[in-house]
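Below is one structure; the comments refer to it alone.
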Amino acid sequence: MKTSSASILGTAERLFKPLIREKLFKDYDELLKNLLIIYINQQINAYQNQIKALERKYQLSFEEFTRAIKGKASCKDEVDWLDWEDALLFLKKWQKIKDEVLHAAVE
């Protein structure tokens, strides 16, 4: 089922109207930007927590862990290494997105 832009905008307006009416946000632009930043921050926090958990588990940074397992990694080490690498990659992506959203002009 394809949803039209008009339908999406209508739904968003109905859902967000109470927040604007009660003056929790000055307008829809501010509201959407704030909600997006909240979501982005949740993603950043999740990846930071995953990275911290792996650092605690191994008592090493990712770079140190990479050097420590080179040529002798177990299957579990490899899984953790891949998870760690992904977490670092996605953390950087979400931080870049956050910066772009924070500096985006809203009309």
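Ordered as shown in the structure tokens, chains take letters A, B, and onward, while each chain numbers its residues from 1 and ligands are numbered from 1 in the order shown.
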Write down as JSON, numbers by chain the residues of chain A whose backbone DSSP state falls under helix (DSSP H, G or I). {"A": [5, 6, 7, 8, 9, 10, 11, 12, 13, 14, 15, 16, 17, 18, 19, 20, 21, 28, 29, 30, 31, 32, 33, 34, 35, 36, 37, 38, 39, 40, 41, 42, 43, 44, 45, 46, 47, 48, 49, 50, 51, 52, 53, 54, 55, 56, 57, 58, 62, 63, 64, 65, 66, 67, 68, 69, 75, 76, 77, 78, 79, 80, 81, 82, 83, 84, 85, 86, 87, 88, 89, 90, 91, 92, 93, 94, 95, 96, 97, 98, 99, 100, 101, 102]}
Mind checking which residues fall within 10 Å of A:Asp83, counting only C-alpha atoms, ignoring those fewer than 6 positions away in the same chain, and posting them as a PyMOL selection string? chain A and resi 50-51+54+77+89
Which residues come within 12 Å of A:Leu82, counting only C-alpha atoms, excluding same-chain residues fewer than 3 positions away, as a PyMOL selection string? chain A and resi 51+54+62+65-66+73+75-79+85-89
Can you spit out the residues from that selection as a short mmCIF file (atom, residue, chain, number, x, y, z; two decimals), in the first residue's frame, using N, CA and C atoms?
data_model
loop_
_atom_site.label_atom_id
_atom_site.label_comp_id
_atom_site.auth_asym_id
_atom_site.auth_seq_id
_atom_site.Cartn_x
_atom_site.Cartn_y
_atom_site.Cartn_z
N ILE A 51 29.61 0.22 22.59
CA ILE A 51 31.06 0.38 22.55
C ILE A 51 31.64 0.31 23.96
N LEU A 54 31.76 -3.28 25.26
CA LEU A 54 32.86 -4.06 24.70
C LEU A 54 34.21 -3.62 25.27
N PHE A 62 39.10 -0.41 20.86
CA PHE A 62 38.90 -1.19 19.64
C PHE A 62 40.23 -1.45 18.93
N PHE A 65 42.20 -4.01 20.86
CA PHE A 65 41.56 -5.32 20.68
C PHE A 65 41.90 -5.90 19.31
N THR A 66 41.86 -5.06 18.29
CA THR A 66 42.20 -5.48 16.93
C THR A 66 43.61 -6.05 16.88
N ALA A 73 42.26 -14.91 16.56
CA ALA A 73 40.91 -14.64 17.04
C ALA A 73 40.05 -15.90 17.06
N CYS A 75 36.10 -17.52 17.22
CA CYS A 75 34.84 -17.13 16.56
C CYS A 75 34.14 -16.03 17.36
N LYS A 76 34.13 -16.16 18.69
CA LYS A 76 33.50 -15.14 19.55
C LYS A 76 34.23 -13.81 19.42
N ASP A 77 35.55 -13.85 19.38
CA ASP A 77 36.33 -12.62 19.19
C ASP A 77 35.95 -11.94 17.88
N GLU A 78 35.82 -12.73 16.82
CA GLU A 78 35.48 -12.17 15.52
C GLU A 78 34.09 -11.55 15.52
N VAL A 79 33.14 -12.22 16.17
CA VAL A 79 31.78 -11.67 16.26
C VAL A 79 31.81 -10.35 17.02
N GLU A 85 33.12 -2.93 15.42
CA GLU A 85 33.38 -2.13 14.22
C GLU A 85 32.09 -1.48 13.71
N ASP A 86 31.01 -2.25 13.68
CA ASP A 86 29.72 -1.71 13.24
C ASP A 86 29.24 -0.60 14.16
N ALA A 87 29.39 -0.81 15.47
CA ALA A 87 28.95 0.21 16.43
C ALA A 87 29.72 1.51 16.23
N LEU A 88 31.02 1.41 16.01
CA LEU A 88 31.83 2.61 15.75
C LEU A 88 31.41 3.30 14.46
N LEU A 89 31.16 2.51 13.43
CA LEU A 89 30.75 3.05 12.14
C LEU A 89 29.41 3.78 12.26
#
